Every structure is written in structure tokens, then in C-alpha cells.
$ cat data_23.cif   # mmCIF, C-alpha atoms
data_run
loop_
_atom_site.label_atom_id
_atom_site.label_comp_id
_atom_site.auth_asym_id
_atom_site.auth_seq_id
_atom_site.Cartn_x
_atom_site.Cartn_y
_atom_site.Cartn_z
CA MET A 6 -87.19 0.06 7.84
CA GLY A 7 -85.44 2.76 9.84
CA GLN A 8 -83.44 0.16 11.74
CA LEU A 9 -82.32 -1.54 8.53
CA THR A 10 -81.36 1.84 7.06
CA ILE A 11 -79.22 2.66 10.10
CA ALA A 12 -77.48 -0.70 9.88
CA ALA A 13 -76.95 -0.28 6.12
CA VAL A 14 -75.40 3.14 6.63
CA CYS A 15 -73.14 1.71 9.35
CA LEU A 16 -72.16 -1.09 6.97
CA ILE A 17 -71.24 1.34 4.20
CA ILE A 18 -69.26 3.54 6.59
CA ALA A 19 -67.45 0.59 8.22
CA VAL A 20 -66.47 -1.08 4.94
CA ALA A 21 -65.51 2.22 3.31
CA ALA A 22 -63.40 3.10 6.35
CA ALA A 23 -61.74 -0.32 6.14
CA PHE A 24 -60.72 0.19 2.51
CA VAL A 25 -59.67 3.81 3.04
CA SER A 26 -57.59 2.81 6.07
CA ALA A 27 -55.99 -0.04 4.15
CA ASN A 28 -55.06 2.30 1.32
CA ALA A 29 -53.73 4.94 3.74
CA THR A 30 -51.49 2.41 5.50
CA ARG A 31 -50.42 0.43 2.44
CA ASN A 32 -46.80 1.51 2.90
CA ASP A 33 -46.74 0.95 6.66
CA PRO A 34 -45.80 -2.47 8.08
CA ILE A 35 -48.71 -2.52 10.52
CA PHE A 36 -49.37 -6.20 9.92
CA SER A 37 -46.60 -8.73 9.45
CA LEU A 38 -46.17 -10.42 6.09
CA SER A 39 -45.02 -13.47 8.02
CA PRO A 40 -47.59 -15.63 9.85
CA PRO A 41 -47.51 -15.68 13.64
CA VAL A 42 -45.69 -18.83 14.68
CA LYS A 43 -45.26 -19.74 18.32
CA ASP A 44 -42.09 -21.23 19.71
CA THR A 45 -40.20 -20.59 16.48
CA ALA A 46 -37.12 -18.48 15.99
CA PRO A 47 -37.88 -15.27 14.07
CA HIS A 48 -35.32 -16.03 11.34
CA SER A 49 -37.07 -19.33 10.49
CA VAL A 50 -40.42 -17.73 9.76
CA VAL A 51 -40.99 -17.33 6.02
CA PRO A 52 -43.40 -14.60 4.81
CA ASP A 53 -46.52 -16.13 3.31
CA VAL A 54 -47.75 -12.84 1.85
CA PRO A 55 -45.58 -10.98 -0.69
CA GLU A 56 -44.92 -7.27 -0.27
CA ALA A 57 -47.02 -6.62 -3.38
CA ARG A 58 -50.03 -8.00 -1.49
CA ARG A 59 -49.62 -5.76 1.57
CA LEU A 60 -52.61 -3.62 0.56
CA ASP A 61 -54.80 -6.71 0.30
CA LEU A 62 -53.49 -7.97 3.65
CA HIS A 63 -54.51 -4.68 5.24
CA ARG A 64 -57.92 -4.91 3.57
CA THR A 65 -58.37 -8.38 5.01
CA PHE A 66 -57.60 -7.24 8.55
CA PHE A 67 -59.57 -4.00 8.39
CA THR A 68 -62.68 -5.68 6.97
CA ALA A 69 -62.45 -8.20 9.82
CA TRP A 70 -62.49 -5.27 12.23
CA ALA A 71 -65.48 -3.81 10.38
CA ALA A 72 -67.36 -7.10 10.78
CA LEU A 73 -66.46 -7.18 14.48
CA LEU A 74 -67.70 -3.63 15.06
CA LEU A 75 -70.97 -4.37 13.25
CA VAL A 76 -71.64 -7.73 14.88
CA THR A 77 -71.11 -6.41 18.41
CA PRO A 78 -74.47 -4.54 18.56
CA ALA A 79 -76.22 -7.66 17.24
CA LEU A 80 -74.61 -9.88 19.86
CA CYS A 81 -75.43 -7.37 22.60
CA LEU A 82 -79.07 -7.13 21.53
CA PHE A 83 -79.56 -10.86 21.01
CA PRO A 84 -80.85 -11.64 24.56
CA PHE A 85 -83.38 -8.77 24.38
CA ARG A 86 -84.89 -9.56 20.97
CA ARG A 87 -87.82 -11.62 22.35
CA SER A 88 -88.88 -8.98 24.89
CA SER A 89 -88.51 -5.89 22.71
CA ALA A 90 -89.63 -5.40 19.12
CA LYS A 91 -87.16 -2.54 18.70
CA ALA A 92 -84.29 -4.67 20.00
CA ALA A 93 -85.34 -7.49 17.66
CA GLY A 94 -85.37 -5.10 14.72
CA TYR A 95 -81.90 -3.72 15.45
CA TRP A 96 -80.58 -7.22 16.15
CA LEU A 97 -81.72 -8.48 12.75
CA ALA A 98 -80.50 -5.35 10.97
CA PHE A 99 -76.99 -5.52 12.44
CA TRP A 100 -76.88 -9.32 12.25
CA THR A 101 -77.44 -8.90 8.50
CA ALA A 102 -75.04 -5.98 8.03
CA SER A 103 -72.23 -7.70 9.92
CA TYR A 104 -72.70 -10.85 7.84
CA LEU A 105 -72.21 -8.89 4.64
CA ALA A 106 -69.05 -7.31 6.07
CA PHE A 107 -67.87 -10.76 7.15
CA LEU A 108 -68.40 -12.10 3.61
CA ILE A 109 -66.25 -9.27 2.23
CA HIS A 110 -63.53 -10.17 4.72
CA LEU A 111 -63.85 -13.86 3.90
CA TYR A 112 -63.60 -13.17 0.16
CA TRP A 113 -60.43 -11.13 0.60
CA ALA A 114 -58.88 -13.72 2.87
CA ILE A 115 -59.73 -16.80 0.78
CA PHE A 116 -59.60 -15.64 -2.83
CA VAL A 117 -57.26 -12.64 -2.74
CA ILE A 118 -54.68 -13.45 -0.06
CA PHE A 119 -54.66 -17.24 -0.53
CA GLY A 120 -55.84 -17.36 -4.14
CA GLY A 121 -58.55 -19.86 -3.31
CA ASP A 122 -55.87 -22.47 -2.52
CA TRP A 123 -57.35 -24.64 0.24
CA ALA A 124 -54.00 -26.32 0.88
CA ARG A 125 -52.40 -22.95 1.66
CA ILE A 126 -55.35 -21.98 3.84
CA SER A 127 -55.26 -25.24 5.80
CA ASN A 128 -51.50 -25.08 6.38
CA SER A 129 -51.29 -21.39 7.22
CA PRO A 130 -50.71 -20.45 10.88
CA ARG A 131 -52.80 -17.33 10.16
CA VAL A 132 -55.92 -19.48 9.96
CA SER A 133 -56.52 -21.45 13.15
CA ALA A 134 -59.71 -23.28 12.13
CA PRO A 135 -60.55 -22.90 8.42
CA VAL A 136 -63.24 -25.60 8.35
CA ILE A 137 -64.99 -24.08 11.36
CA ASP A 138 -64.85 -20.64 9.72
CA ILE A 139 -66.50 -21.95 6.53
CA VAL A 140 -69.15 -23.87 8.49
CA PHE A 141 -69.80 -20.77 10.57
CA ALA A 142 -70.21 -18.56 7.48
CA ALA A 143 -72.65 -21.03 5.88
CA TRP A 144 -74.60 -21.52 9.12
CA TRP A 145 -74.79 -17.76 9.66
CA GLY A 146 -76.28 -17.38 6.18
CA VAL A 147 -78.89 -20.05 6.84
CA ASP A 148 -79.78 -18.45 10.18
CA LEU A 149 -80.25 -15.10 8.45
CA LEU A 150 -82.61 -16.65 5.91
CA LEU A 151 -84.61 -18.18 8.75
CA ALA A 152 -84.61 -14.89 10.66
CA TRP A 153 -86.06 -13.01 7.70
CA ALA A 154 -88.50 -15.75 6.65
CA VAL A 155 -89.62 -17.06 10.05
CA ARG A 156 -90.14 -14.18 12.46
CA ASP A 157 -91.73 -16.37 15.16
CA ASP A 158 -88.91 -18.55 16.54
CA LYS A 159 -89.82 -22.22 16.70
CA SER A 160 -88.10 -24.46 19.22
CA LEU A 161 -85.61 -25.87 16.70
CA VAL A 162 -84.83 -22.43 15.25
CA LYS A 163 -84.47 -21.03 18.76
CA PHE A 164 -81.98 -23.76 19.60
CA GLU A 165 -79.82 -23.28 16.51
CA ARG A 166 -79.90 -19.50 16.97
CA VAL A 167 -78.51 -19.78 20.48
CA LEU A 168 -75.77 -22.05 19.15
CA ILE A 169 -74.79 -19.67 16.32
CA TYR A 170 -74.88 -16.79 18.83
CA LEU A 171 -72.42 -18.59 21.10
CA MET A 172 -70.29 -19.61 18.12
CA ALA A 173 -70.16 -16.02 16.85
CA ILE A 174 -69.00 -14.77 20.25
CA ALA A 175 -66.32 -17.46 20.47
CA LEU A 176 -64.94 -16.96 16.96
CA PHE A 177 -64.99 -13.17 16.90
CA ILE A 178 -63.53 -12.74 20.37
CA ALA A 179 -60.96 -15.48 19.89
CA GLY A 180 -59.95 -14.11 16.50
CA SER A 181 -59.41 -10.59 17.82
CA ALA A 182 -58.78 -10.53 21.58
CA ILE A 183 -56.80 -13.77 21.76
CA GLU A 184 -55.26 -14.25 18.30
CA GLY A 185 -55.04 -10.61 17.25
CA GLU A 186 -51.65 -9.79 15.77
CA ILE A 187 -51.50 -6.19 17.02
CA TRP A 188 -52.66 -4.44 20.19
CA LEU A 189 -55.51 -2.58 18.47
CA SER A 190 -57.05 -5.84 17.30
CA LYS A 191 -56.85 -7.20 20.84
CA ALA A 192 -58.31 -3.97 22.23
CA LEU A 193 -61.29 -4.18 19.86
CA GLY A 194 -61.82 -7.81 20.81
CA PHE A 195 -61.75 -7.19 24.55
CA THR A 196 -63.99 -4.13 24.17
CA SER A 197 -66.50 -6.18 22.21
CA ALA A 198 -66.34 -8.97 24.80
CA GLY A 199 -66.92 -6.46 27.58
CA ALA A 200 -69.94 -4.95 25.82
CA ILE A 201 -71.46 -8.38 25.21
CA ALA A 202 -70.85 -9.45 28.80
CA LEU A 203 -72.40 -6.22 30.11
CA ALA A 204 -75.48 -6.67 27.91
CA LEU A 205 -75.86 -10.26 29.06
CA PHE A 206 -75.52 -9.16 32.69
CA VAL A 207 -78.26 -6.54 32.23
CA TRP A 208 -80.51 -9.13 30.60
CA ILE A 209 -79.96 -11.61 33.46
CA VAL A 210 -80.73 -8.94 36.08
CA ARG A 211 -83.91 -7.91 34.27
CA HIS A 212 -84.95 -11.52 33.78
CA LEU A 213 -84.46 -12.35 37.47
CA ARG A 214 -86.27 -9.18 38.53
CA ALA A 215 -89.22 -9.98 36.27
CA ARG A 216 -89.43 -13.51 37.66
CA THR A 217 -89.36 -12.15 41.20
CA LEU A 218 -92.13 -9.64 40.49
CA ASN A 219 -94.26 -12.31 38.83
CA ALA A 220 -93.80 -14.62 41.79
CA VAL A 221 -94.92 -12.06 44.39
CA PRO A 222 -98.72 -12.24 43.72
CA ALA A 223 -98.61 -16.03 43.78
CA SER A 224 -97.10 -16.05 47.27
CA ARG A 225 -99.88 -13.95 48.80
#

$ encode --input "data_23.cif" --output "C-alpha cells"
Amino acid sequence: MGQLTIAAVCLIIAVAAAFVSANATRNDPIFSLSPPVKDTAPHSVVPDVPEARRLDLHRTFFTAWAALLLVTPALCLFPFRRSSAKAAGYWLAFWTASYLAFLIHLYWAIFVIFGGDWARISNSPRVSAPVIDIVFAAWWGVDLLLAWAVRDDKSLVKFERVLIYLMAIALFIAGSAIEGEIWLSKALGFTSAGAIALALFVWIVRHLRARTLNAVPASR
């Protein structure tokens, strides 16, 4: 329960900070009202978000950052969850908290910025893979239900969990480090990628060391 409480507090702080930051920067052109278009002259790019929606645009970006900050601990702890009960508890807590933050971001992006218009979403350069994003959100929700209901991973659950783990890394890192519109978004993405890579490296080293130690008695 303590782990879930910590994650819940982090969720509240992250989302509150996102909305406060959006309100504080509502008059600052931090994010462009025009979608990022490659190989196109600047004068030919038409804004797809009106100035009146700048606050909501900032909320969309800042809640995405909140989800990224919350999902990073979960992705770092993922490899350790089977060998440590504490790691498993924190993984599930932050996996849940980050999903809730992601849903807030998704709501603001789909229903506030785009008005629930799937044609606008599909044709917007801001959204690189809308179908994949929706599938990912639904799959993440199903995985969470399985994680809370089935604590002992079965082979099929284990397989789908590894896939959603890899998909989460790809989408979050690509959406921030690669497709981020400003340097801070890219910095958060690369920092998250570095933390995940470091955690995976530590897990691999520990795993190889454990296998080596277990193989020593057998060789005598």
C-alpha cells in the first residue's frame, strides 16, 4: 500500500504541475500553433490550433511530459519485478499512475485539441501514428487489469507484457526524444531512454552474474 500511495502522490504532483505550468505559460509561445512539417516552407504551414486553444495545447504537452516522468520508473523497474517483490510493487504502482496520466493527456489531445474529430487526428502532422496510439492505450489498460488480477505471470501474460513494455519504450522515447517539438521535450526523452538503458544494463549484469554463480557448483 505504501508503494501505491507514493505513486499516487507522484501522480497528483505531476498532473497538478502540468496544469499549473500550462496556466503559467498560457501567454508564452512555447509550443507552435502550427504542426511540425518537414521539407515545407514556413509560410505554407497553416496553424491547426487557434490562439484561443493555446492553454489546452500546453496542457496536452505538459500532461504528456507528466506521463513520461511517471512511466520511466515503471520501465526501469520492469526487468527486476520477478526477482524483487519491492520492485514488482513499485513497477505496478507507477505503471498504473503513468497510465492515468497518459489517459488525461490522451483526453486533452483527442477531445479538446481535435474535438474528437478522427479525420483531423489522422491528417494532422502532430500525430504520427494515431491508430497505434489508440491500440497502445487499450492494450496498456488490459495489461493493467491482468497485472492487478493475475499476480503470477503465465506464459501468455508474460509474453504480452514484454511486448507492451517494448512498445511503451518505443512510443514514449520516439514521441519525446525524436519527435519532440522543443529541446526540453527531447531532453526528457533522452534522459528517460538513458535511465531505462542503464536499468536494463544493471539487470543484464546481475542476471549473467547469477548464472555464473549457479554454474560454479555444477562444474566441480

$ atom_distance --input "data_23.cif" --atom1 "CA of Ile187 (chain A)" --atom2 "CA of Ser39 (chain A)"
13.3 Å

$ atom_distance --input "data_23.cif" --atom1 "CA of Ala182 (chain A)" --atom2 "CA of Phe195 (chain A)"
5.4 Å

$ atom_distance --input "data_23.cif" --atom1 "CA of Ser181 (chain A)" --atom2 "CA of Gly194 (chain A)"
4.7 Å

$ resolve_selection --input "data_23.cif" --expression "the PyMOL selection byres ((chain A and resi 103) around 9)" --output "PyMOL selection string"
chain A and resi 12+16+71-77+79+98-102+104-108

$ residues_around --input "data_23.cif" --residues "Ala152 (chain A)" --least-positions-apart "2" --cutoff "10 Å" --atoms "only C-alpha atoms" --output "PyMOL selection string"
chain A and resi 97+100-101+146-150+154-158+162+166

$ resolve_selection --input "data_23.cif" --expression "the PyMOL selection byres ((chain A and resi 7) around 12)" --output "PyMOL selection string"
chain A and resi 6+8-14+91+94-95+98

$ closest_residue --input "data_23.cif" --among "A:Phe66, A:Ala57, A:Trp145, A:Ala204" --to "Ile35 (chain A)" --atoms "only C-alpha atoms"
A:Phe66

$ closest_residue --input "data_23.cif" --among "A:Pro55, A:Phe83, A:Ile169, A:Trp208" --to "Val140 (chain A)" --atoms "only C-alpha atoms"
A:Ile169

$ closest_residue --input "data_23.cif" --among "A:Val54, A:Val20, A:Leu82, A:Ala175" --to "Arg131 (chain A)" --atoms "all atoms listed in the file"
A:Val54

$ closest_residue --input "data_23.cif" --among "A:Val132, A:Ile109, A:Val117, A:Leu80" --to "Ile178 (chain A)" --atoms "only C-alpha atoms"
A:Leu80

$ closest_residue --input "data_23.cif" --among "A:Val25, A:Leu213, A:Pro78, A:Glu186" --to "Gly199 (chain A)" --atoms "all atoms listed in the file"
A:Pro78

$ residues_around --input "data_23.cif" --residues "Leu205 (chain A)" --least-positions-apart "4" --cutoff "12 Å" --atoms "all atoms listed in the file" --output "PyMOL selection string"
chain A and resi 80-85+198-201+209-212

$ closest_residue --input "data_23.cif" --among "A:Trp113, A:Phe177, A:Trp144, A:Trp96" --to "Thr68 (chain A)" --atoms "only C-alpha atoms"
A:Trp113

$ residues_around --input "data_23.cif" --residues "Trp70 (chain A)" --least-positions-apart "6" --cutoff "8 Å" --atoms "only C-alpha atoms" --output "compact mmCIF listing (two decimals) with C-alpha atoms, in the frame of the given file"
# COMPACT_ATOMS: atom_id res chain seq x y z
CA ALA A 23 -61.74 -0.32 6.14
CA SER A 190 -57.05 -5.84 17.30
CA LEU A 193 -61.29 -4.18 19.86

$ build_atoms --input "data_23.cif" --residues "region 151-167 of chain A" --atoms "N, CA and C atoms" --output "PDB file, in the coordinates of the input"
ATOM      1  N   LEU A 151     -83.542 -17.804   7.818  1.00  0.00           N
ATOM      2  CA  LEU A 151     -84.610 -18.180   8.750  1.00  0.00           C
ATOM      3  C   LEU A 151     -85.119 -16.969   9.518  1.00  0.00           C
ATOM      4  N   ALA A 152     -84.205 -16.076   9.893  1.00  0.00           N
ATOM      5  CA  ALA A 152     -84.610 -14.890  10.660  1.00  0.00           C
ATOM      6  C   ALA A 152     -85.509 -13.980   9.850  1.00  0.00           C
ATOM      7  N   TRP A 153     -85.221 -13.852   8.555  1.00  0.00           N
ATOM      8  CA  TRP A 153     -86.060 -13.010   7.700  1.00  0.00           C
ATOM      9  C   TRP A 153     -87.357 -13.693   7.285  1.00  0.00           C
ATOM     10  N   ALA A 154     -87.316 -15.021   7.138  1.00  0.00           N
ATOM     11  CA  ALA A 154     -88.500 -15.750   6.650  1.00  0.00           C
ATOM     12  C   ALA A 154     -89.420 -16.192   7.774  1.00  0.00           C
ATOM     13  N   VAL A 155     -88.827 -16.550   8.933  1.00  0.00           N
ATOM     14  CA  VAL A 155     -89.620 -17.060  10.050  1.00  0.00           C
ATOM     15  C   VAL A 155     -89.416 -16.130  11.238  1.00  0.00           C
ATOM     16  N   ARG A 156     -90.299 -15.162  11.393  1.00  0.00           N
ATOM     17  CA  ARG A 156     -90.140 -14.180  12.460  1.00  0.00           C
ATOM     18  C   ARG A 156     -90.459 -14.753  13.838  1.00  0.00           C
ATOM     19  N   ASP A 157     -91.364 -15.746  13.885  1.00  0.00           N
ATOM     20  CA  ASP A 157     -91.730 -16.370  15.160  1.00  0.00           C
ATOM     21  C   ASP A 157     -90.840 -17.586  15.382  1.00  0.00           C
ATOM     22  N   ASP A 158     -89.874 -17.465  16.303  1.00  0.00           N
ATOM     23  CA  ASP A 158     -88.910 -18.550  16.540  1.00  0.00           C
ATOM     24  C   ASP A 158     -89.610 -19.826  16.988  1.00  0.00           C
ATOM     25  N   LYS A 159     -89.377 -20.907  16.257  1.00  0.00           N
ATOM     26  CA  LYS A 159     -89.820 -22.220  16.700  1.00  0.00           C
ATOM     27  C   LYS A 159     -88.731 -22.806  17.600  1.00  0.00           C
ATOM     28  N   SER A 160     -89.049 -23.890  18.261  1.00  0.00           N
ATOM     29  CA  SER A 160     -88.100 -24.460  19.220  1.00  0.00           C
ATOM     30  C   SER A 160     -86.782 -24.840  18.570  1.00  0.00           C
ATOM     31  N   LEU A 161     -86.835 -25.450  17.374  1.00  0.00           N
ATOM     32  CA  LEU A 161     -85.610 -25.870  16.700  1.00  0.00           C
ATOM     33  C   LEU A 161     -84.811 -24.661  16.236  1.00  0.00           C
ATOM     34  N   VAL A 162     -85.499 -23.652  15.699  1.00  0.00           N
ATOM     35  CA  VAL A 162     -84.830 -22.430  15.250  1.00  0.00           C
ATOM     36  C   VAL A 162     -84.225 -21.699  16.446  1.00  0.00           C
ATOM     37  N   LYS A 163     -84.965 -21.683  17.551  1.00  0.00           N
ATOM     38  CA  LYS A 163     -84.470 -21.030  18.760  1.00  0.00           C
ATOM     39  C   LYS A 163     -83.184 -21.699  19.238  1.00  0.00           C
ATOM     40  N   PHE A 164     -83.144 -23.018  19.158  1.00  0.00           N
ATOM     41  CA  PHE A 164     -81.980 -23.760  19.600  1.00  0.00           C
ATOM     42  C   PHE A 164     -80.766 -23.477  18.722  1.00  0.00           C
ATOM     43  N   GLU A 165     -80.960 -23.526  17.395  1.00  0.00           N
ATOM     44  CA  GLU A 165     -79.820 -23.280  16.510  1.00  0.00           C
ATOM     45  C   GLU A 165     -79.365 -21.841  16.586  1.00  0.00           C
ATOM     46  N   ARG A 166     -80.277 -20.927  16.890  1.00  0.00           N
ATOM     47  CA  ARG A 166     -79.900 -19.500  16.970  1.00  0.00           C
ATOM     48  C   ARG A 166     -79.050 -19.237  18.203  1.00  0.00           C
ATOM     49  N   VAL A 167     -79.346 -19.912  19.286  1.00  0.00           N
ATOM     50  CA  VAL A 167     -78.510 -19.780  20.480  1.00  0.00           C
ATOM     51  C   VAL A 167     -77.118 -20.345  20.205  1.00  0.00           C
TER      52      VAL A 167
END
